[in-house]
file structure33.cif (mmCIF, C-alpha atoms)
data_final
loop_
_atom_site.label_atom_id
_atom_site.label_comp_id
_atom_site.auth_asym_id
_atom_site.auth_seq_id
_atom_site.Cartn_x
_atom_site.Cartn_y
_atom_site.Cartn_z
CA MET F 10 131.40 43.05 165.03
CA LEU F 11 133.16 41.20 167.83
CA PRO F 12 133.82 43.20 171.02
CA CYS F 13 137.43 44.22 171.24
CA GLN F 14 139.55 47.07 172.57
CA THR F 15 141.77 47.37 169.52
CA ALA F 16 142.09 50.68 167.74
CA PHE F 17 141.24 49.55 164.24
CA ALA F 18 138.70 47.16 162.78
CA LEU F 19 139.30 45.13 159.65
CA HIS F 20 136.65 45.23 156.94
CA THR F 21 136.93 42.54 154.28
CA LYS F 22 134.59 40.45 152.19
CA VAL F 23 135.72 37.22 153.83
CA LEU F 24 136.36 38.32 157.42
CA SER F 25 133.82 41.11 157.86
CA ASN F 26 133.28 40.26 161.53
CA THR F 27 136.91 39.92 162.53
CA ILE F 28 138.83 42.65 164.32
CA HIS F 29 142.57 43.10 164.01
CA VAL F 30 145.06 45.57 165.33
CA LEU F 31 146.47 47.73 162.58
CA ARG F 32 150.25 47.67 162.81
CA HIS F 33 151.87 51.06 162.92
CA HIS F 34 155.59 51.63 162.46
CA ASP F 35 155.57 55.22 163.77
CA ALA F 36 156.91 56.66 160.52
CA ASN F 37 156.85 60.29 161.52
CA THR F 38 157.81 62.71 158.80
CA SER F 39 160.86 64.90 158.66
CA ILE F 40 160.38 68.29 157.05
CA ALA F 41 163.08 70.82 156.21
CA GLU F 42 163.18 74.05 154.25
CA THR F 43 164.01 74.05 150.55
CA LYS F 44 166.52 76.36 148.92
CA HIS F 45 163.78 78.82 147.97
CA LEU F 46 162.66 79.05 151.62
CA ASP F 47 159.01 78.89 150.60
CA LEU F 48 158.15 75.20 150.53
CA LEU F 49 159.29 72.40 152.81
CA SER F 50 160.86 69.11 151.85
CA LEU F 51 159.14 65.84 152.81
CA GLN F 52 161.43 63.03 153.96
CA TRP F 53 160.13 59.77 155.38
CA PRO F 54 162.42 58.05 157.91
CA GLN F 55 160.58 54.84 156.97
CA PRO F 56 158.13 54.04 154.16
CA PRO F 57 154.58 55.22 154.94
CA ARG F 58 152.41 52.26 155.88
CA ASN F 59 148.95 53.61 156.76
CA ILE F 60 147.06 55.83 154.31
CA LEU F 61 143.73 57.42 155.21
CA ILE F 62 141.48 57.98 152.16
CA VAL F 63 138.78 60.65 152.48
CA HIS F 64 136.49 61.34 149.54
CA LYS F 65 133.50 63.41 148.49
CA ASN F 66 130.14 61.75 149.08
CA GLY F 67 127.37 61.31 146.56
CA SER F 68 129.46 61.37 143.39
CA LYS F 69 129.60 58.31 141.15
CA VAL F 70 132.74 59.61 139.44
CA VAL F 71 134.51 60.03 142.77
CA ASP F 72 133.35 56.60 143.98
CA GLU F 73 134.82 54.98 140.88
CA ALA F 74 138.04 56.94 141.34
CA VAL F 75 138.33 55.74 144.94
CA HIS F 76 138.08 52.09 143.85
CA GLU F 77 140.67 52.61 141.12
CA TYR F 78 142.96 54.46 143.50
CA ALA F 79 142.67 51.90 146.30
CA ASN F 80 143.30 48.97 143.96
CA HIS F 81 146.38 50.71 142.57
CA ILE F 82 147.79 51.32 146.05
CA HIS F 83 147.21 47.72 147.08
CA SER F 84 148.79 46.24 143.96
CA THR F 85 151.76 48.63 143.72
CA TYR F 86 152.48 49.13 147.43
CA PRO F 87 151.46 45.86 149.09
CA ASP F 88 152.86 46.90 152.49
CA VAL F 89 150.43 49.83 152.70
CA SER F 90 147.20 49.55 154.70
CA LEU F 91 144.20 51.61 153.63
CA ILE F 92 142.01 53.35 156.22
CA PHE F 93 138.50 54.73 155.71
CA GLU F 94 136.05 56.44 158.00
CA PRO F 95 133.64 54.01 159.72
CA LYS F 96 130.51 54.80 157.67
CA VAL F 97 132.44 54.67 154.41
CA ALA F 98 134.22 51.42 155.29
CA SER F 99 130.95 49.71 156.16
CA THR F 100 129.56 50.43 152.68
CA ILE F 101 132.56 49.72 150.46
CA HIS F 102 134.52 46.94 152.18
CA ASP F 103 132.77 44.20 150.21
CA LYS F 104 133.87 45.80 146.92
CA PHE F 105 137.54 44.99 147.54
CA SER F 106 139.29 41.64 147.48
CA PHE F 107 141.73 42.83 150.17
CA PRO F 108 141.16 44.09 153.73
CA ILE F 109 140.60 47.74 154.52
CA TYR F 110 140.65 49.33 157.96
CA THR F 111 138.61 51.79 159.97
CA THR F 112 138.44 53.24 163.45
CA LEU F 113 136.02 52.39 166.18
CA GLN F 114 133.39 55.11 165.94
CA GLU F 115 133.67 56.32 169.52
CA SER F 116 137.43 56.86 169.38
CA GLN F 117 137.99 57.96 165.80
CA GLN F 118 139.97 61.16 166.31
CA ALA F 119 142.21 59.77 169.04
CA ARG F 120 143.07 56.69 167.02
CA LEU F 121 143.64 58.35 163.67
CA GLN F 122 146.34 60.68 164.91
CA ASP F 123 148.23 57.70 166.32
CA LYS F 124 147.98 55.53 163.22
CA VAL F 125 147.82 57.55 160.00
CA ASP F 126 151.03 58.38 158.11
CA LEU F 127 149.47 60.01 155.04
CA THR F 128 146.00 61.35 154.23
CA SER F 129 144.75 61.39 150.64
CA THR F 130 141.59 63.25 149.62
CA LEU F 131 139.46 62.99 146.49
CA GLY F 132 137.01 65.87 146.23
CA GLY F 133 136.87 69.63 146.65
CA ASP F 134 138.00 72.08 149.28
CA GLY F 135 135.29 70.87 151.64
CA THR F 136 136.75 67.37 151.53
CA ILE F 137 140.16 68.70 152.51
CA LEU F 138 138.63 70.68 155.38
CA HIS F 139 136.79 67.57 156.55
CA ALA F 140 140.00 65.55 156.45
CA SER F 141 141.76 68.24 158.46
CA SER F 142 138.92 68.28 161.01
CA LEU F 143 139.56 64.60 161.74
CA PHE F 144 142.78 65.82 163.38
CA ALA F 145 141.25 68.90 165.02
CA ASN F 146 142.47 67.80 168.46
CA ALA F 147 145.88 66.60 167.30
CA GLN F 148 149.12 68.55 167.56
CA ASN F 149 150.52 66.80 164.48
CA VAL F 150 148.60 66.34 161.23
CA PRO F 151 149.85 63.80 158.67
CA PRO F 152 150.72 65.16 155.21
CA ILE F 153 147.72 65.57 152.90
CA LEU F 154 147.87 64.51 149.25
CA SER F 155 144.79 66.02 147.61
CA PHE F 156 143.19 65.35 144.25
CA SER F 157 140.81 68.03 142.97
CA MET F 158 137.48 66.40 142.08
CA GLY F 159 135.02 68.89 143.58
CA THR F 160 133.24 72.11 142.68
CA LEU F 161 136.04 74.61 143.28
CA GLY F 162 139.26 72.84 144.18
CA PHE F 163 141.32 75.90 145.11
CA LEU F 164 143.12 73.89 147.81
CA GLY F 165 143.39 70.72 145.73
CA GLU F 166 146.82 70.34 144.17
CA TRP F 167 146.66 67.38 141.81
CA LYS F 168 144.42 66.17 139.02
CA PHE F 169 143.25 62.62 139.57
CA SER F 170 144.68 61.58 136.21
CA ASP F 171 148.13 62.12 137.77
CA TYR F 172 147.48 59.94 140.82
CA LYS F 173 150.09 57.29 139.98
CA ARG F 174 152.89 59.82 139.62
CA ALA F 175 151.73 61.86 142.61
CA LEU F 176 151.57 58.88 144.95
CA ARG F 177 154.88 57.49 143.71
CA GLU F 178 156.65 60.79 144.39
CA VAL F 179 155.15 61.02 147.87
CA TYR F 180 155.82 57.39 148.78
CA MET F 181 159.45 57.55 147.62
CA SER F 182 160.11 61.05 148.96
CA GLY F 183 163.53 61.11 150.59
CA ALA F 184 163.88 57.33 150.27
CA THR F 185 167.25 55.90 151.16
CA ALA F 186 168.62 53.64 148.44
CA GLY F 187 168.43 49.97 149.42
CA TYR F 188 166.21 50.51 152.45
CA GLY F 189 164.18 47.51 153.45
CA SER F 190 166.07 44.83 151.52
CA ALA F 191 167.09 41.78 153.47
CA LEU F 192 168.60 38.38 152.77
CA LEU F 193 166.88 35.28 154.08
CA GLU F 194 169.42 33.01 155.74
CA THR F 195 169.08 29.23 155.81
CA GLU F 196 169.78 27.13 158.89
CA ALA F 197 173.30 26.54 157.55
CA GLY F 198 173.87 30.27 157.46
CA SER F 199 173.94 30.60 153.66
CA LYS F 200 172.03 33.43 152.05
CA GLN F 201 169.28 31.91 149.98
CA LYS F 202 167.26 34.69 148.37
CA GLU F 203 166.64 38.38 148.65
CA ILE F 204 163.52 39.55 150.46
CA LEU F 205 162.30 42.97 149.37
CA SER F 206 160.03 45.24 151.37
CA GLY F 207 159.23 48.90 151.78
CA TRP F 208 161.06 51.20 149.35
CA SER F 209 163.19 48.38 147.95
CA SER F 210 160.10 46.52 146.77
CA VAL F 211 159.22 49.40 144.43
CA ARG F 212 161.61 48.75 141.61
CA GLY F 213 162.79 51.64 139.46
CA MET F 214 160.87 54.26 141.42
CA SER F 215 163.44 55.55 143.90
CA MET F 216 163.85 59.30 143.94
CA GLY F 217 166.65 59.42 146.47
CA PRO F 218 167.05 61.61 149.56
CA SER F 219 167.83 64.72 147.50
CA ARG F 220 164.58 64.51 145.48
CA SER F 221 161.74 65.01 147.89
CA SER F 222 158.13 66.04 147.55
CA ARG F 223 157.40 69.65 148.38
CA VAL F 224 155.10 70.61 151.23
CA LEU F 225 153.17 73.82 151.83
CA LEU F 226 152.61 74.09 155.57
CA ARG F 227 149.23 75.71 156.18
CA ASN F 228 148.81 77.42 159.55
CA ARG F 229 145.90 76.54 161.80
CA LEU F 230 144.02 78.41 164.52
CA LYS F 231 144.02 77.22 168.11
CA VAL F 232 140.53 77.81 169.46
CA GLY F 233 139.32 77.73 173.06
CA ILE F 234 135.83 78.40 174.46
CA PHE F 235 135.44 79.87 177.94
CA ALA F 236 132.53 80.42 180.30
CA GLU F 237 131.71 83.77 181.84
CA ASP F 238 133.88 82.97 184.87
CA GLY F 239 136.84 82.04 182.68
CA THR F 240 136.43 78.27 182.98
CA PRO F 241 137.33 76.41 179.75
CA ILE F 242 134.60 74.42 178.03
CA THR F 243 135.14 71.30 175.98
CA HIS F 244 134.54 71.30 172.22
CA ALA F 245 133.91 67.57 172.08
CA ASP F 246 130.51 67.54 173.76
CA PRO F 247 128.56 70.75 174.44
CA SER F 248 126.55 69.02 177.15
CA ALA F 249 129.66 67.80 178.96
CA PRO F 250 130.78 69.37 182.25
CA MET F 251 133.41 72.08 182.32
CA CYS F 252 136.99 71.09 181.56
CA SER F 253 139.67 70.81 184.14
CA SER F 254 141.85 73.89 184.53
CA ASP F 255 144.73 72.42 182.53
CA CYS F 256 142.51 71.03 179.76
CA SER F 257 144.80 68.02 179.47
CA ASP F 258 142.10 65.40 179.37
CA ALA F 259 139.06 67.14 177.95
CA ASN F 260 139.97 68.31 174.45
CA CYS F 261 139.21 71.90 175.39
CA ASP F 262 141.22 73.35 172.52
CA VAL F 263 140.51 72.56 168.90
CA PHE F 264 142.44 73.48 165.76
CA ALA F 265 140.87 75.07 162.68
CA MET F 266 142.36 75.14 159.19
CA ASN F 267 140.04 77.80 157.77
CA GLU F 268 138.16 79.98 160.24
CA VAL F 269 136.20 80.58 163.41
CA LEU F 270 132.80 82.23 162.97
CA LEU F 271 130.51 84.03 165.39
CA HIS F 272 127.15 84.88 163.83
CA ARG F 273 123.74 86.11 164.98
CA GLY F 274 122.09 83.18 163.20
CA ARG F 275 118.30 83.24 163.13
CA THR F 276 117.87 86.15 165.51
CA PRO F 277 116.80 89.45 163.93
CA HIS F 278 119.17 91.53 166.05
CA LEU F 279 122.78 92.43 165.29
CA SER F 280 125.39 90.78 167.49
CA ILE F 281 127.33 92.90 169.98
CA ILE F 282 130.80 91.44 170.49
CA ASN F 283 133.72 92.90 172.42
CA ILE F 284 137.07 92.36 170.70
CA TYR F 285 140.39 92.12 172.56
CA VAL F 286 143.71 91.97 170.69
CA GLY F 287 146.79 90.94 172.64
CA GLY F 288 144.84 91.33 175.89
CA ARG F 289 143.84 94.94 175.15
CA PHE F 290 140.33 96.09 174.32
CA LEU F 291 140.02 97.01 170.64
CA THR F 292 136.38 97.80 169.97
CA GLU F 293 132.77 96.84 170.48
CA ALA F 294 131.62 95.31 167.23
CA VAL F 295 127.99 95.61 166.19
CA ALA F 296 127.54 93.36 163.17
CA ASP F 297 125.95 90.21 161.83
CA GLY F 298 129.07 88.41 163.00
CA LEU F 299 132.85 88.17 163.08
CA LEU F 300 135.38 85.90 161.40
CA ILE F 301 138.89 85.00 162.48
CA SER F 302 140.61 83.29 159.57
CA THR F 303 143.91 81.74 158.61
CA PRO F 304 145.60 82.74 155.33
CA THR F 305 144.15 79.52 153.91
CA GLY F 306 140.69 80.65 155.01
CA SER F 307 141.20 84.10 153.52
CA THR F 308 139.79 82.82 150.22
CA ALA F 309 136.66 81.39 151.85
CA TYR F 310 133.94 83.17 153.85
CA SER F 311 136.31 85.98 154.76
CA LEU F 312 136.80 86.84 151.08
CA SER F 313 133.03 86.95 150.51
CA SER F 314 132.78 89.32 153.49
CA GLY F 315 135.29 91.77 152.05
CA GLY F 316 138.45 90.47 153.69
CA SER F 317 141.90 90.52 152.11
CA ILE F 318 143.41 87.63 150.17
CA VAL F 319 146.52 86.49 152.04
CA HIS F 320 149.17 84.10 150.73
CA PRO F 321 149.29 80.90 152.83
CA LEU F 322 152.99 81.44 153.57
CA VAL F 323 152.26 84.71 155.38
CA SER F 324 152.11 83.96 159.11
CA SER F 325 149.02 85.93 160.09
CA LEU F 326 145.43 86.05 161.34
CA LEU F 327 142.55 87.85 159.67
CA LEU F 328 139.80 89.58 161.63
CA THR F 329 136.88 90.25 159.30
CA PRO F 330 133.51 91.79 160.28
CA ILE F 331 130.37 90.48 158.60
CA CYS F 332 127.99 93.28 157.61
CA PRO F 333 129.07 95.70 160.38
CA ARG F 334 126.83 98.61 161.35
CA SER F 335 129.76 101.01 161.17
CA LEU F 336 131.21 101.65 157.71
CA SER F 337 134.57 102.45 159.32
CA PHE F 338 135.00 98.94 160.73
CA ARG F 339 137.55 97.50 158.31
CA PRO F 340 139.14 94.02 158.15
CA LEU F 341 142.43 93.59 160.01
CA VAL F 342 145.51 91.45 159.33
CA LEU F 343 147.42 90.63 162.53
CA PRO F 344 150.53 88.59 163.44
CA ALA F 345 149.76 84.89 163.83
CA ASN F 346 150.98 84.82 167.44
CA THR F 347 148.61 87.61 168.52
CA PRO F 348 145.87 86.25 170.81
CA ILE F 349 142.38 87.45 169.91
CA THR F 350 139.42 87.24 172.28
CA LEU F 351 135.80 87.62 171.18
CA ARG F 352 133.40 88.08 174.11
CA LEU F 353 129.65 88.27 173.73
CA SER F 354 128.60 91.56 175.31
CA PRO F 355 126.02 91.69 178.14
CA LYS F 356 124.27 94.26 175.91
CA ASN F 357 123.61 91.63 173.23
CA ARG F 358 119.84 91.49 172.73
CA SER F 359 119.60 87.76 172.01
CA ASP F 360 120.51 85.16 174.60
CA GLU F 361 122.85 83.24 172.31
CA ILE F 362 124.72 83.54 169.01
CA GLU F 363 126.05 80.77 166.78
CA LEU F 364 129.63 79.50 166.87
CA SER F 365 131.14 77.55 163.96
CA VAL F 366 134.63 76.13 163.50
CA ASP F 367 135.60 75.31 159.91
CA GLY F 368 131.96 75.37 158.85
CA VAL F 369 130.76 73.01 161.57
CA ARG F 370 128.26 74.73 163.85
CA ARG F 371 128.57 73.94 167.53
CA GLU F 372 125.34 72.63 168.98
CA LYS F 373 125.46 75.13 171.84
CA GLY F 374 126.56 78.64 170.88
CA LEU F 375 127.91 81.54 172.91
CA THR F 376 125.77 83.09 175.63
CA ARG F 377 126.34 86.51 177.21
CA GLY F 378 129.72 86.75 178.92
CA MET F 379 131.18 83.71 177.20
CA GLU F 380 134.20 84.18 174.99
CA VAL F 381 136.25 82.54 172.27
CA ARG F 382 140.04 82.81 172.45
CA VAL F 383 141.98 82.32 169.24
CA VAL F 384 145.69 82.32 168.46
CA GLY F 385 147.77 81.08 165.56
CA GLU F 386 149.31 77.65 166.00
CA GLU F 387 153.05 77.50 166.63
CA ILE F 388 154.63 75.39 163.88
CA ARG F 389 158.37 76.08 164.07
CA SER F 390 160.66 74.70 166.75
CA GLY F 391 163.81 76.33 165.40
CA GLU F 392 165.14 78.59 162.70
CA ARG F 393 164.91 76.00 159.90
CA THR F 394 163.12 73.04 161.45
CA TRP F 395 159.52 71.95 161.76
CA GLY F 396 158.30 71.34 165.29
CA GLY F 397 154.94 69.87 164.37
CA GLY F 398 151.62 71.63 163.88
CA GLY F 399 149.98 73.06 160.81
CA VAL F 400 148.55 71.09 157.91
CA PRO F 401 151.32 69.81 155.60
CA SER F 402 149.85 69.98 152.07
CA ILE F 403 151.78 68.20 149.33
CA VAL F 404 152.01 70.46 146.30
CA ARG F 405 152.89 70.07 142.65
CA THR F 406 156.33 71.28 141.61
CA GLY F 407 157.98 71.98 138.29
CA GLY F 408 156.74 73.85 135.29
CA GLY F 409 157.72 77.24 136.64
CA LYS F 410 160.68 79.49 136.07
CA GLU F 411 163.72 79.37 138.28
CA GLY F 412 162.95 80.89 141.64
CA ALA F 413 159.19 80.58 141.17
CA GLU F 414 158.92 77.02 142.45
CA GLY F 415 156.11 76.65 144.91
CA HIS F 416 154.09 79.69 143.86
CA ASP F 417 152.42 78.47 140.66
CA HIS F 418 149.76 76.46 142.46
CA TRP F 419 148.54 79.49 144.42
CA VAL F 420 148.85 82.15 141.73
CA GLY F 421 147.28 79.84 139.18
CA GLY F 422 144.39 79.23 141.55
CA LEU F 423 143.67 82.94 141.83
CA ASN F 424 143.50 83.38 138.08
CA GLY F 425 142.04 80.05 137.00
CA LEU F 426 139.60 79.28 139.80
CA LEU F 427 138.69 82.54 141.55
CA LYS F 428 138.74 84.55 138.29
CA PHE F 429 140.81 87.20 140.07
CA ASN F 430 140.14 90.66 138.60
CA PHE F 431 138.18 89.05 135.78
CA PRO F 432 136.78 91.79 133.48
CA PHE F 433 133.03 92.30 133.22
CA GLY F 434 131.34 91.38 129.96
CA GLU F 435 134.10 89.09 128.69
CA GLY F 436 133.17 85.48 128.10
CA GLU F 437 135.49 82.52 127.87
CA GLU F 438 136.71 81.62 124.42
#

call {"tool": "encode", "arguments": {"input": "structure33.cif", "output": "structure tokens"}}
result
Amino acid sequence: MLPCQTAFALHTKVLSNTIHVLRHHDANTSIAETKHLDLLSLQWPQPPRNILIVHKNGSKVVDEAVHEYANHIHSTYPDVSLIFEPKVASTIHDKFSFPIYTTLQESQQARLQDKVDLTSTLGGDGTILHASSLFANAQNVPPILSFSMGTLGFLGEWKFSDYKRALREVYMSGATAGYGSALLETEAGSKQKEILSGWSSVRGMSMGPSRSSRVLLRNRLKVGIFAEDGTPITHADPSAPMCSSDCSDANCDVFAMNEVLLHRGRTPHLSIINIYVGGRFLTEAVADGLLISTPTGSTAYSLSSGGSIVHPLVSSLLLTPICPRSLSFRPLVLPANTPITLRLSPKNRSDEIELSVDGVRREKGLTRGMEVRVVGEEIRSGERTWGGGGVPSIVRTGGGKEGAEGHDHWVGGLNGLLKFNFPFGEGEE
């Protein structure tokens, strides 16, 4: 690949060694509350141009679906550029007759948040978490359109068989009638022919500004790691020096969609962790570990550890002990804006315990005196407006009774996927 400082590299069968800058129109989304005050309404100020596709690895069915999906996007929405992760792009670019794009490996996260308008996932819940982690250092996450093709798929909203309708609804969400049409003028000033682009090029598919896709905004956790003396430590590279005091240039804070985990790991001794809630000492926990989860993460590891199931629209944090020594140590549900600090006690018998964020274990864990500070991400800038933050998940709508719009996907997931309160001894018919 030719040396270049551009953000994106072009992978194509013909020009595999050529690098181009991926044009970005800065089509930031506008999100407002719906009449039911549960879901948000997605409205593009301009047609989305850059779509990041993230898919499950090692599945022939998913690989075939990705090729079908990408070809459909290219043929139906010719103005859209498709982005893949570097390793994926290097293996599939020769299977397409059109160019696809990727980031330079060393600057992937920084570039993606500047370029991507929409993320689309094909896989299970782990694929969605991975896609979210690509924006772990970004304040704003592009909307995620997910197709359930994995093992569980509790977070996945759409079946892949509906991909044409799903993508059409998202692409045209809030479209202004006639946007993008232009007339080509001749030298004499006469209008010769109509040039269509953007929304206007998609004939018969306009939904109009009053018919927008619905978005479930999933809260994230803001996570910071601090040394014994209170100095922040970067997440990006455990071997890197300490961050500056303002953390502006070192990616000290990271965002988590699911959970933060402290665990004793391989050591045979229980962890001893001091817990502070809102700056006040709560308790000294003696347990295998501790979880701080979002409502989205309440149906993951926290649920297996005895934590409550919390609806994703409830602004909260969950503090769940893992196999505590004391039977009276119960899970807690706290306001999302409550800061929680977990500090490894000097009495901890092992030198270090493991630290994981959204299932990804940090190479260097927590040593005695170090602490993790967690608080819910602020996602509202006003009473009815979205100020950025969170993970905007595009959900299916319709099919429910009046007033129930936006709840079917979650309630149905409890019953259909988690087998909520499923009786013993009863098999499926």

call {"tool": "atom_distance", "arguments": {"input": "structure33.cif", "atom1": "CA of Leu121 (chain F)", "atom2": "CA of Arg382 (chain F)"}}
result
26.2 Å

call {"tool": "closest_residue", "arguments": {"input": "structure33.cif", "among": "F:Ala309, F:Leu226, F:Leu364, F:Leu327", "to": "Gly274 (chain F)", "atoms": "only C-alpha atoms"}}
result
F:Leu364

call {"tool": "closest_residue", "arguments": {"input": "structure33.cif", "among": "F:His272, F:Ile349, F:Glu94, F:Glu361", "to": "Arg120 (chain F)", "atoms": "only C-alpha atoms"}}
result
F:Glu94

call {"tool": "resolve_selection", "arguments": {"input": "structure33.cif", "expression": "the PyMOL selection byres ((chain F and resi 140-157) around 6)", "output": "PyMOL selection string"}}
result
chain F and resi 118+126-133+137-139+158-159+162+165-169+263-264+397-398+400-403

call {"tool": "resolve_selection", "arguments": {"input": "structure33.cif", "expression": "the PyMOL selection byres ((chain F and resi 96) around 12)", "output": "PyMOL selection string"}}
result
chain F and resi 20+63+66+92-95+97-102+110-114+117

call {"tool": "atom_distance", "arguments": {"input": "structure33.cif", "atom1": "CA of Ala265 (chain F)", "atom2": "CA of Ser359 (chain F)"}}
result
26.5 Å

call {"tool": "atom_distance", "arguments": {"input": "structure33.cif", "atom1": "CA of Leu61 (chain F)", "atom2": "CA of Ser170 (chain F)"}}
result
19.5 Å

call {"tool": "axis_aligned_box", "arguments": {"input": "structure33.cif", "around": "region 340-347 of chain F", "padding_each_side": "4 Å", "output": "lines of an AutoDock Vina configuration file"}}
result
center_x = 145.1
center_y = 89.4
center_z = 163.3
size_x = 19.8
size_y = 17.2
size_z = 18.4

call {"tool": "residues_near_point", "arguments": {"input": "structure33.cif", "point": "(158.1, 63.2, 147.1)", "cutoff": "7 Å", "atoms": "all atoms listed in the file", "output": "PDB file with C-alpha atoms, in the frame of the given file"}}
result
ATOM      1  CA  LEU F  51     159.140  65.840 152.810  1.00  0.00           C
ATOM      2  CA  GLU F 178     156.650  60.790 144.390  1.00  0.00           C
ATOM      3  CA  VAL F 179     155.150  61.020 147.870  1.00  0.00           C
ATOM      4  CA  TYR F 180     155.820  57.390 148.780  1.00  0.00           C
ATOM      5  CA  MET F 181     159.450  57.550 147.620  1.00  0.00           C
ATOM      6  CA  SER F 182     160.110  61.050 148.960  1.00  0.00           C
ATOM      7  CA  GLY F 183     163.530  61.110 150.590  1.00  0.00           C
ATOM      8  CA  ARG F 220     164.580  64.510 145.480  1.00  0.00           C
ATOM      9  CA  SER F 221     161.740  65.010 147.890  1.00  0.00           C
ATOM     10  CA  SER F 222     158.130  66.040 147.550  1.00  0.00           C
ATOM     11  CA  ARG F 223     157.400  69.650 148.380  1.00  0.00           C
TER      12      ARG F 223
END

call {"tool": "closest_residue", "arguments": {"input": "structure33.cif", "among": "F:Thr329, F:Gly298, F:Arg58, F:Tyr172", "to": "Glu77 (chain F)", "atoms": "only C-alpha atoms"}}
result
F:Tyr172

call {"tool": "residues_near_point", "arguments": {"input": "structure33.cif", "point": "(129.8, 92.0, 165.6)", "cutoff": "9 Å", "atoms": "all atoms listed in the file", "output": "compact mmCIF listing (two decimals) with C-alpha atoms, keeping the file's coordinate frame"}}
result
# COMPACT_ATOMS: atom_id res chain seq x y z
CA LEU F 271 130.51 84.03 165.39
CA HIS F 272 127.15 84.88 163.83
CA ARG F 273 123.74 86.11 164.98
CA LEU F 279 122.78 92.43 165.29
CA SER F 280 125.39 90.78 167.49
CA ILE F 281 127.33 92.90 169.98
CA ILE F 282 130.80 91.44 170.49
CA ASN F 283 133.72 92.90 172.42
CA ILE F 284 137.07 92.36 170.70
CA GLU F 293 132.77 96.84 170.48
CA ALA F 294 131.62 95.31 167.23
CA VAL F 295 127.99 95.61 166.19
CA ALA F 296 127.54 93.36 163.17
CA ASP F 297 125.95 90.21 161.83
CA GLY F 298 129.07 88.41 163.00
CA LEU F 299 132.85 88.17 163.08
CA PRO F 330 133.51 91.79 160.28
CA ILE F 331 130.37 90.48 158.60
CA CYS F 332 127.99 93.28 157.61
CA PRO F 333 129.07 95.70 160.38
CA ARG F 334 126.83 98.61 161.35
CA LEU F 353 129.65 88.27 173.73

call {"tool": "closest_residue", "arguments": {"input": "structure33.cif", "among": "F:Arg177, F:Arg339, F:Lys69, F:His76", "to": "Pro56 (chain F)", "atoms": "only C-alpha atoms"}}
result
F:Arg177

call {"tool": "closest_residue", "arguments": {"input": "structure33.cif", "among": "F:Ser106, F:Thr240, F:Asn267, F:Ser354", "to": "Ser311 (chain F)", "atoms": "only C-alpha atoms"}}
result
F:Asn267

call {"tool": "closest_residue", "arguments": {"input": "structure33.cif", "among": "F:Asp103, F:Thr243, F:Asp367, F:Pro87", "to": "Gly135 (chain F)", "atoms": "all atoms listed in the file"}}
result
F:Asp367

call {"tool": "resolve_selection", "arguments": {"input": "structure33.cif", "expression": "the PyMOL selection byres ((chain F and resi 427) around 12)", "output": "MDAnalysis selection string"}}
result
chainID F and resid 160:164 308:309 312:313 318 419:426 428:431

call {"tool": "residues_around", "arguments": {"input": "structure33.cif", "residues": "region 79-84 of chain F", "least_positions_apart": "3", "cutoff": "9 Å", "atoms": "only C-alpha atoms", "output": "PyMOL selection string"}}
result
chain F and resi 62+74-76+87-91+105+107+173+176
